[in-house]
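Okay, structure-v5.tsv now, which holds TSV, C-alpha atoms:
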chain	number	residue	atom	x	y	z
C	1	MET	CA	-8.72	67.72	222.68
C	2	GLN	CA	-5.29	66.22	222.08
C	3	SER	CA	-4.89	64.31	218.85
C	4	ALA	CA	-3.70	60.72	218.68
C	5	ASP	CA	-0.35	61.76	217.19
C	6	GLU	CA	0.73	63.70	220.24
C	7	LEU	CA	0.31	60.90	222.77
C	8	GLN	CA	2.54	57.94	223.45
C	9	VAL	CA	1.25	54.49	222.68
C	10	ARG	CA	1.38	52.37	225.77
C	11	LYS	CA	0.07	49.13	224.32
C	12	ARG	CA	-1.63	47.59	221.30
C	13	ILE	CA	-4.08	44.73	221.64
C	14	PHE	CA	-5.29	42.60	218.75
C	15	LEU	CA	-8.66	40.89	219.11
C	16	GLN	CA	-8.56	37.77	216.97
C	17	ARG	CA	-11.27	36.14	214.93
C	18	ASP	CA	-13.65	33.70	216.61
C	19	PHE	CA	-14.03	30.63	214.40
C	20	SER	CA	-16.04	28.58	216.88
C	21	ASN	CA	-19.28	28.99	214.91
C	22	GLY	CA	-17.86	28.61	211.43
C	23	MET	CA	-15.99	30.80	208.98
C	24	ALA	CA	-18.28	33.84	209.19
C	25	VAL	CA	-16.69	37.12	210.26
C	26	ARG	CA	-16.86	37.21	214.05
C	27	PHE	CA	-14.45	38.58	216.61
C	28	GLN	CA	-13.76	37.19	220.06
C	29	THR	CA	-15.82	38.96	222.71
C	30	ARG	CA	-13.53	37.99	225.58
C	31	PHE	CA	-12.56	41.08	227.58
C	32	PRO	CA	-8.80	41.72	227.33
C	33	SER	CA	-7.09	42.03	230.70
C	34	GLU	CA	-5.11	45.07	229.51
C	35	LEU	CA	-8.31	47.13	229.40
C	36	ASP	CA	-9.16	46.28	233.00
C	37	GLY	CA	-9.90	49.44	234.90
C	38	ARG	CA	-10.00	51.64	231.81
C	39	VAL	CA	-13.14	50.45	230.08
C	40	ASN	CA	-16.44	49.08	231.32
C	41	PRO	CA	-16.60	45.36	230.30
C	42	GLU	CA	-20.29	45.56	229.35
C	43	GLU	CA	-19.75	48.56	227.06
C	44	PHE	CA	-16.82	46.82	225.41
C	45	SER	CA	-18.65	43.55	224.81
C	46	GLN	CA	-21.64	45.58	223.53
C	47	THR	CA	-19.36	47.29	220.95
C	48	ILE	CA	-17.88	44.00	219.76
C	49	SER	CA	-21.30	42.27	219.66
C	50	VAL	CA	-22.77	45.07	217.55
C	51	LEU	CA	-19.77	44.84	215.19
C	52	ASN	CA	-20.23	41.05	214.91
C	53	GLU	CA	-23.93	41.53	214.18
C	54	LYS	CA	-23.20	44.12	211.46
C	55	TYR	CA	-20.68	41.80	209.79
C	56	ARG	CA	-23.28	39.04	209.84
C	57	GLN	CA	-25.80	41.39	208.21
C	58	ALA	CA	-23.30	42.38	205.53
C	59	GLU	CA	-23.04	38.82	204.28
C	60	GLU	CA	-26.76	38.07	204.54
C	61	ILE	CA	-28.40	36.92	201.34
C	62	SER	CA	-31.71	38.56	200.52
C	63	PHE	CA	-33.77	39.21	197.42
C	64	SER	CA	-32.07	42.56	196.82
C	65	THR	CA	-28.54	41.16	197.06
C	66	TYR	CA	-29.55	38.34	194.71
C	67	CYS	CA	-30.89	40.89	192.19
C	68	GLU	CA	-27.73	42.98	192.56
C	69	GLY	CA	-25.60	39.95	191.74
C	70	CYS	CA	-27.68	38.87	188.75
C	71	LEU	CA	-27.93	42.36	187.25
C	72	ALA	CA	-24.21	42.91	187.78
C	73	CYS	CA	-23.42	39.66	185.96
C	74	LEU	CA	-25.76	40.46	183.08
C	75	THR	CA	-24.26	43.92	182.56
C	76	GLY	CA	-20.75	42.48	182.57
C	77	TYR	CA	-20.16	43.91	186.04
C	78	LEU	CA	-20.43	47.46	184.70
C	79	LEU	CA	-23.27	47.96	187.17
C	80	LEU	CA	-20.73	47.87	189.99
C	81	LEU	CA	-19.22	51.09	188.66
C	82	CYS	CA	-22.54	52.84	189.24
C	83	ILE	CA	-23.89	51.46	192.50
C	84	ASN	CA	-22.48	50.32	195.83
C	85	THR	CA	-23.24	46.74	196.77
C	86	HIS	CA	-25.04	45.91	200.01
C	87	TYR	CA	-21.75	44.66	201.47
C	88	LYS	CA	-19.98	47.95	200.79
C	89	LYS	CA	-22.86	49.90	202.28
C	90	VAL	CA	-22.71	47.90	205.51
C	91	LEU	CA	-18.92	48.29	205.64
C	92	LYS	CA	-19.40	52.06	205.48
C	93	GLU	CA	-21.93	51.81	208.32
C	94	ILE	CA	-19.42	49.81	210.36
C	95	SER	CA	-16.75	52.44	209.78
C	96	LYS	CA	-19.10	55.14	210.98
C	97	TYR	CA	-20.13	53.09	214.02
C	98	ILE	CA	-16.51	52.55	215.04
C	99	GLU	CA	-15.84	56.28	214.67
C	100	ASP	CA	-18.89	57.09	216.82
C	101	GLN	CA	-17.88	54.65	219.51
C	102	ASN	CA	-14.36	56.04	219.52
C	103	ASN	CA	-15.61	59.60	219.85
C	104	THR	CA	-18.15	58.90	222.60
C	105	ILE	CA	-16.73	56.07	224.72
C	106	TYR	CA	-13.13	55.19	223.98
C	107	TRP	CA	-11.21	58.33	223.08
C	108	PRO	CA	-12.17	60.11	226.32
C	109	LYS	CA	-10.31	57.23	228.02
C	110	ARG	CA	-7.46	57.56	225.50
C	111	ILE	CA	-8.22	54.30	223.70
C	112	LEU	CA	-8.68	53.95	219.94
C	113	ILE	CA	-10.36	51.09	218.12
C	114	LYS	CA	-9.15	50.66	214.55
C	115	ASP	CA	-11.36	49.43	211.73
C	116	PRO	CA	-10.55	45.71	211.19
C	117	PHE	CA	-11.00	46.20	207.45
C	118	GLU	CA	-7.50	47.67	207.37
C	119	SER	CA	-6.04	44.37	208.57
C	120	GLY	CA	-8.08	42.34	206.10
C	121	LEU	CA	-10.70	41.45	208.75
C	122	ARG	CA	-8.03	39.47	210.53
C	123	SER	CA	-8.11	41.24	213.89
C	124	ILE	CA	-9.43	44.36	215.63
C	125	GLU	CA	-6.54	46.55	216.75
C	126	ILE	CA	-7.09	48.45	219.99
C	127	VAL	CA	-4.50	51.13	220.74
C	128	ILE	CA	-4.09	52.19	224.36
C	129	PHE	CA	-2.43	55.56	224.85
C	130	ASP	CA	-0.70	56.89	227.92
C	131	GLU	CA	-3.06	59.03	229.91
C	132	ASN	CA	-1.51	62.45	230.39
T	133	MET	CA	-2.30	41.69	189.64
T	134	ALA	CA	0.52	39.27	190.23
T	135	ARG	CA	4.06	39.33	188.94
T	136	GLN	CA	4.99	37.53	185.69
T	137	THR	CA	1.99	38.72	183.75
T	138	GLY	CA	3.38	37.84	180.32
T	139	ILE	CA	1.14	34.81	179.97
T	140	LEU	CA	-1.96	36.93	180.61
T	141	TYR	CA	-1.14	39.04	177.53
T	142	PHE	CA	-0.60	35.83	175.58
T	143	THR	CA	-4.05	34.58	176.64
T	144	ILE	CA	-5.67	37.89	175.68
T	145	SER	CA	-3.99	37.95	172.27
T	146	LEU	CA	-4.88	34.30	171.63
T	147	ILE	CA	-8.56	34.91	172.27
T	148	LEU	CA	-8.47	38.20	170.35
T	149	VAL	CA	-6.78	36.71	167.29
T	150	THR	CA	-9.09	33.69	167.19
T	151	VAL	CA	-12.23	35.82	167.41
T	152	ALA	CA	-10.87	38.33	164.88
T	153	LEU	CA	-10.11	35.53	162.42
T	154	PHE	CA	-13.59	34.13	162.96
T	155	PHE	CA	-15.13	37.53	162.24
T	156	GLY	CA	-12.87	38.05	159.30
T	157	PHE	CA	-13.41	34.77	157.51
T	158	GLU	CA	-16.74	33.29	158.55
T	159	CYS	CA	-18.94	36.26	159.06
T	160	ARG	CA	-17.67	38.44	156.27
T	161	LEU	CA	-17.49	35.79	153.63
T	162	THR	CA	-20.36	33.37	153.91
T	163	LEU	CA	-22.49	33.05	156.98
T	164	VAL	CA	-23.99	36.52	156.89
T	165	THR	CA	-25.10	36.21	153.28
T	166	HIS	CA	-25.99	32.51	153.18
T	167	LEU	CA	-28.09	31.74	156.20
T	168	PRO	CA	-31.33	33.48	157.09
T	169	TYR	CA	-30.83	35.61	160.23
T	170	GLY	CA	-27.09	35.09	159.65
T	171	TYR	CA	-26.31	38.48	161.17
T	172	PHE	CA	-27.10	37.08	164.63
T	173	ILE	CA	-23.93	35.05	164.51
T	174	PRO	CA	-21.38	37.89	164.63
T	175	ILE	CA	-23.53	39.78	167.15
T	176	ALA	CA	-23.75	36.76	169.47
T	177	CYS	CA	-20.05	36.09	169.02
T	178	GLY	CA	-19.23	39.71	169.75
T	179	LEU	CA	-21.29	39.76	172.94
T	180	LEU	CA	-19.84	36.48	174.13
T	181	PHE	CA	-16.34	37.75	173.37
T	182	LEU	CA	-16.91	41.00	175.31
T	183	PHE	CA	-18.32	39.10	178.30
T	184	ASN	CA	-15.38	36.71	178.23
T	185	MET	CA	-12.85	39.54	178.07
T	186	GLY	CA	-14.62	41.33	180.91
T	187	CYS	CA	-14.46	38.24	183.10
T	188	LEU	CA	-10.83	37.60	182.22
T	189	LEU	CA	-9.76	41.15	183.04
T	190	ARG	CA	-11.80	41.14	186.21
T	191	THR	CA	-10.18	37.88	187.33
T	192	ALA	CA	-6.71	39.13	186.49
T	193	TRP	CA	-7.03	42.59	187.98
T	194	SER	CA	-9.10	41.94	191.08
T	195	ASP	CA	-8.02	40.93	194.56
T	196	PRO	CA	-8.39	37.18	195.13
T	197	GLY	CA	-8.76	37.67	198.87
T	198	ILE	CA	-5.21	38.50	199.90
T	199	ILE	CA	-4.69	38.49	203.66
T	200	PRO	CA	-2.45	41.44	204.56
T	201	ARG	CA	0.70	40.60	206.49
T	202	SER	CA	0.63	41.35	210.16
T	203	THR	CA	2.33	44.48	211.44
T	204	PRO	CA	5.39	43.87	213.66
T	205	GLU	CA	3.31	44.85	216.69
T	206	GLU	CA	0.67	42.27	215.89
T	207	ALA	CA	3.27	39.55	215.37
T	208	ALA	CA	4.87	40.42	218.72
T	209	TYR	CA	1.46	40.46	220.44
T	210	LEU	CA	0.58	37.00	219.06
T	211	GLU	CA	3.89	35.62	220.22
T	212	ARG	CA	3.41	37.07	223.71
T	213	CYS	CA	-0.11	35.65	223.99
T	214	LEU	CA	1.06	32.22	222.97
T	215	GLN	CA	4.00	32.35	225.36
T	216	ASP	CA	1.63	33.23	228.20
T	217	GLN	CA	-0.66	30.41	227.20
T	218	GLN	CA	2.22	27.96	227.10
T	219	ALA	CA	3.54	29.17	230.42
T	220	ARG	CA	0.10	28.65	231.94
T	221	ASP	CA	-0.20	25.21	230.39
T	222	GLU	CA	3.24	23.90	231.17
T	223	ASN	CA	4.38	26.01	234.11
T	224	THR	CA	7.68	26.98	232.45
T	225	ARG	CA	9.13	30.41	231.84
T	226	GLU	CA	11.57	29.61	229.03
T	227	TYR	CA	11.28	31.30	225.65
T	228	ARG	CA	9.90	29.08	222.92
T	229	PRO	CA	9.44	30.04	219.25
T	230	PRO	CA	5.78	30.37	218.20
T	231	PRO	CA	4.28	26.95	217.48
T	232	ARG	CA	3.33	26.06	213.96
T	233	THR	CA	-0.30	25.25	214.68
T	234	LEU	CA	-3.08	26.64	216.83
T	235	ASP	CA	-5.88	24.35	217.95
T	236	ILE	CA	-9.36	25.77	217.62
T	237	THR	CA	-12.86	24.31	217.44
T	238	ILE	CA	-15.13	25.15	214.53
T	239	ASN	CA	-18.76	24.14	215.07
T	240	GLY	CA	-17.63	21.47	217.50
T	241	THR	CA	-14.95	19.99	215.23
T	242	PRO	CA	-11.35	20.48	216.42
T	243	MET	CA	-9.09	21.99	213.74
T	244	LYS	CA	-5.56	23.27	213.51
T	245	LEU	CA	-4.72	26.71	212.15
T	246	LYS	CA	-1.34	26.80	210.47
T	247	TYR	CA	1.16	29.58	211.10
T	248	CYS	CA	2.57	31.31	208.03
T	249	PHE	CA	6.19	32.26	208.70
T	250	THR	CA	6.32	34.72	205.81
T	251	CYS	CA	3.19	36.67	206.69
T	252	LYS	CA	3.54	36.04	210.46
T	253	ILE	CA	-0.14	35.21	210.90
T	254	PHE	CA	-2.24	32.20	211.74
T	255	ARG	CA	-3.98	31.42	208.49
T	256	PRO	CA	-7.75	30.89	208.58
T	257	PRO	CA	-8.85	27.43	207.42
T	258	ARG	CA	-8.68	27.00	203.61
T	259	ALA	CA	-6.25	29.87	203.28
T	260	SER	CA	-2.89	29.18	201.74
T	261	HIS	CA	0.32	31.03	200.94
T	262	CYS	CA	1.02	31.56	197.23
T	263	SER	CA	4.74	31.64	196.51
T	264	MET	CA	4.26	33.31	193.11
T	265	CYS	CA	2.38	36.27	194.57
T	266	ASP	CA	4.17	36.02	197.96
T	267	ASN	CA	1.07	36.48	200.13
T	268	CYS	CA	-1.60	34.41	201.84
T	269	VAL	CA	-4.92	34.10	200.00
T	270	GLU	CA	-8.30	33.20	201.54
T	271	ASN	CA	-9.96	30.04	200.18
T	272	PHE	CA	-6.97	29.55	197.92
T	273	ASP	CA	-7.81	27.49	194.84
T	274	HIS	CA	-4.71	27.77	192.66
T	275	HIS	CA	-2.44	30.29	190.98
T	276	CYS	CA	-3.56	30.45	187.36
T	277	PRO	CA	-0.67	31.41	185.05
T	278	TRP	CA	-3.04	32.00	182.11
T	279	VAL	CA	-4.81	34.67	184.08
T	280	GLY	CA	-1.65	35.85	185.83
T	281	ASN	CA	-3.29	35.93	189.26
T	282	CYS	CA	-4.29	33.66	192.15
T	283	VAL	CA	-7.83	32.31	192.19
T	284	GLY	CA	-9.27	32.68	195.67
T	285	ARG	CA	-12.43	33.63	197.47
T	286	ARG	CA	-13.00	37.06	195.99
T	287	ASN	CA	-12.41	36.35	192.32
T	288	TYR	CA	-13.60	32.77	192.10
T	289	ARG	CA	-16.92	33.72	190.45
T	290	TYR	CA	-15.19	35.80	187.75
T	291	PHE	CA	-12.73	32.98	187.06
T	292	PHE	CA	-15.55	30.44	186.79
T	293	LEU	CA	-17.54	32.72	184.47
T	294	PHE	CA	-14.41	33.28	182.39
T	295	VAL	CA	-13.81	29.54	181.97
T	296	THR	CA	-17.49	28.88	181.18
T	297	SER	CA	-17.79	31.70	178.65
T	298	LEU	CA	-14.49	30.68	177.06
T	299	THR	CA	-15.84	27.13	176.63
T	300	LEU	CA	-19.02	28.50	175.05
T	301	LEU	CA	-17.00	30.82	172.79
T	302	CYS	CA	-14.77	27.94	171.66
T	303	LEU	CA	-17.73	25.67	170.99
T	304	PHE	CA	-19.51	28.50	169.15
T	305	ILE	CA	-16.57	29.29	166.88
T	306	PHE	CA	-15.73	25.65	166.28
T	307	SER	CA	-19.30	24.64	165.42
T	308	PHE	CA	-19.73	27.53	162.99
T	309	SER	CA	-16.39	26.81	161.32
T	310	VAL	CA	-17.45	23.22	160.82
T	311	THR	CA	-20.87	24.35	159.52
T	312	HIS	CA	-19.13	26.67	157.13
T	313	ILE	CA	-16.89	23.93	155.77
T	314	ILE	CA	-19.87	21.63	155.33
T	315	LEU	CA	-21.81	24.34	153.50
T	316	LEU	CA	-18.84	25.12	151.30
T	317	SER	CA	-18.24	21.45	150.49
T	318	GLY	CA	-21.92	21.18	149.55
T	319	LEU	CA	-21.55	24.13	147.18
T	320	GLN	CA	-18.14	23.32	145.81
T	321	GLY	CA	-18.71	19.60	145.36
T	322	GLY	CA	-16.30	18.01	147.73
T	323	PHE	CA	-14.72	18.34	151.14
T	324	LEU	CA	-11.18	18.76	149.85
T	325	GLU	CA	-12.24	21.49	147.45
T	326	ALA	CA	-13.79	23.41	150.30
T	327	LEU	CA	-10.64	23.08	152.38
T	328	LYS	CA	-8.49	24.40	149.56
T	329	ILE	CA	-10.50	27.61	149.24
T	330	SER	CA	-9.89	29.12	152.66
T	331	PRO	CA	-6.65	27.91	154.22
T	332	GLY	CA	-6.50	30.73	156.76
T	333	ARG	CA	-9.03	29.28	159.11
T	334	TYR	CA	-7.21	26.04	159.98
T	335	PRO	CA	-4.84	27.43	162.61
T	336	PHE	CA	-7.61	29.03	164.57
T	337	MET	CA	-9.91	26.06	164.21
T	338	LEU	CA	-7.22	23.84	165.60
T	339	ILE	CA	-6.61	26.26	168.47
T	340	CYS	CA	-10.32	26.22	169.23
T	341	PHE	CA	-10.54	22.47	169.06
T	342	PHE	CA	-7.66	21.90	171.46
T	343	SER	CA	-8.68	24.69	173.80
T	344	ILE	CA	-12.14	23.19	174.14
T	345	TRP	CA	-10.68	20.04	175.62
T	346	SER	CA	-8.30	21.78	177.99
T	347	VAL	CA	-10.80	24.40	179.08
T	348	ILE	CA	-13.81	22.15	179.65
T	349	GLY	CA	-11.64	19.80	181.63
Please go through the file and, once you have read it, give me the structure as structure tokens.
Amino acid sequence: MQSADELQVRKRIFLQRDFSNGMAVRFQTRFPSELDGRVNPEEFSQTISVLNEKYRQAEEISFSTYCEGCLACLTGYLLLLCINTHYKKVLKEISKYIEDQNNTIYWPKRILIKDPFESGLRSIEIVIFDEN
Amino acid sequence: MARQTGILYFTISLILVTVALFFGFECRLTLVTHLPYGYFIPIACGLLFLFNMGCLLRTAWSDPGIIPRSTPEEAAYLERCLQDQQARDENTREYRPPPRTLDITINGTPMKLKYCFTCKIFRPPRASHCSMCDNCVENFDHHCPWVGNCVGRRNYRYFFLFVTSLTLLCLFIFSFSVTHIILLSGLQGGFLEALKISPGRYPFMLICFFSIWSVIG
């Protein structure tokens, strides 16, 4: 399979944050017109919805996250050198999910979704390559 | 870590010198031998000092929630989207520079997102651009010169813990210095006599006293 470096980039789309329900991390699920014909709208909105749900889970407060925070504070934050916080674990899951989606759905159509963490959770970059 | 970090080293040395003087004079000379369970005092002070230093370094050396600048492609894409939107709204095809605000609704309340011309992004609400660090920071509180870093969303808790523990440390040192002087004046028969015996502690007591007011505030 050709690698991303060998193909020409036709277009880059940036899905912005959706602030309509508050400041929580959520991306707009509106289907970009540039992907019309290349990607199934339902699959695309499913990907973005799952990402939004995972980001919501990452910031969820539960008994374990509360304990993590308290223990970390009591040990002078040295605990954070030893264990990964819940947030980091979910971020890793998100990375893996994006990679899976790219490998199964998007790369066969020569589209790449980049992890929004690289842009500071500001936008999801979608790179559309020329089909050759 | 931000630029101009000289004041951070000043803060660290100030706290270090004050605590070292406290250990040197109070603990070594009188408190440990005089009071029952006096050895708790240097231990408690030591722990408080380590916690305070940890919080200070964590505040200074951690990311306050910096929003990365947009890539040129993203800036161009935003501009194109806005142009299209404007063209749809006003039926004109002329080029206009990107507007300074974007109207959005958050939980039903209309709000304006400001455009940062340096970072070329629309800032989320409560984000602000720090000119000292030259980047946008989420939930920007202020740029603290003592810590040498911005205080924003991601390091707010460390900054708050630093300020709280510094207050406690100051109160701790000040109260024990005063106790020591009272004890000494009891032994030596007079307040002035007690003051004459150990002149070295006045500078750091004064530092503590004034820092308490500025830090608690």
Next item on the list: Compute the set of chain T residues within 7 Å of chain C, using all atoms listed in the file, and express it as JSON, numbers by chain.
Entry: {"T": [183, 186, 199, 200, 206, 237, 238, 239]}
Margin query: Using Å and a single decimal, report how far atom CA of Leu188 of chain T sits from atom CA of Tyr288 of chain T.
Written below: 11.3 Å
Next item on the list: May I have the residues at most 12 Å from (-5.2, 28.9, 210.9) in the file's coordinates, counting all atoms listed in the file, as a ChimeraX atom specification?
Entry: /C:16-19,23,122 /T:231-238,242-248,252-261,268,270-271
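From atom CA of Thr250 of chain T back to atom CA of Phe291 of chain T, the distance works out to 26.8 Å.
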Item checked: From T:Phe157, T:Trp278, T:Phe308, T:Phe294, residue lying nearest Met185 of chain T [only C-alpha atoms] -> T:Phe294
Checklist line | Between atom CA of Asn40 of chain C and atom CA of Asn102 of chain C, distance in Å (one decimal) | finding: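 Straight-line distance from atom CA of Asn40 of chain C to atom CA of Asn102 of chain C works out to 13.9 Å.
For the residues C:Leu112, C:Ile105, C:Cys67, C:Ala58, ranking by smallest atom-to-atom distance to Gln46 of chain C using all atoms listed in the file places C:Ile105 first.
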Notebook entry, point to check: Near Lys92 of chain C, within 12 Å and counting all atoms listed in the file, which residues show up once chain neighbours fewer than 5 positions away are dropped, as a list in words?
Noted result: Lys54, Tyr55, Ala58, Asn84, Thr85, His86, Tyr87, Tyr97, Ile98, Glu99, Asp115 and Phe117 of chain C
Item checked: Selection near Glu131 of chain C, 12 Å with all atoms listed in the file, sequence-local residues under 5 positions removed, as a PyMOL selection string -> chain C and resi 2+4+6-11+38+107-111
Next item on the list: Do a neighbour search on Arg289 of chain T at 10 Å with all atoms listed in the file, toss out local chain neighbours closer than 5 positions, and write the hits as a list in words.
Entry: Cys73 of chain C; Cys187, Arg190, Thr191, Val283, Gly284, Phe294 and Val295 of chain T
Margin query: Show me, as a ChimeraX atom specification, the residues that have an atom within 9 Å of Gln57 of chain C when counting all atoms listed in the file, minus same-chain residues fewer than 4 positions from it.
Written below: /C:52-53,61,87,90
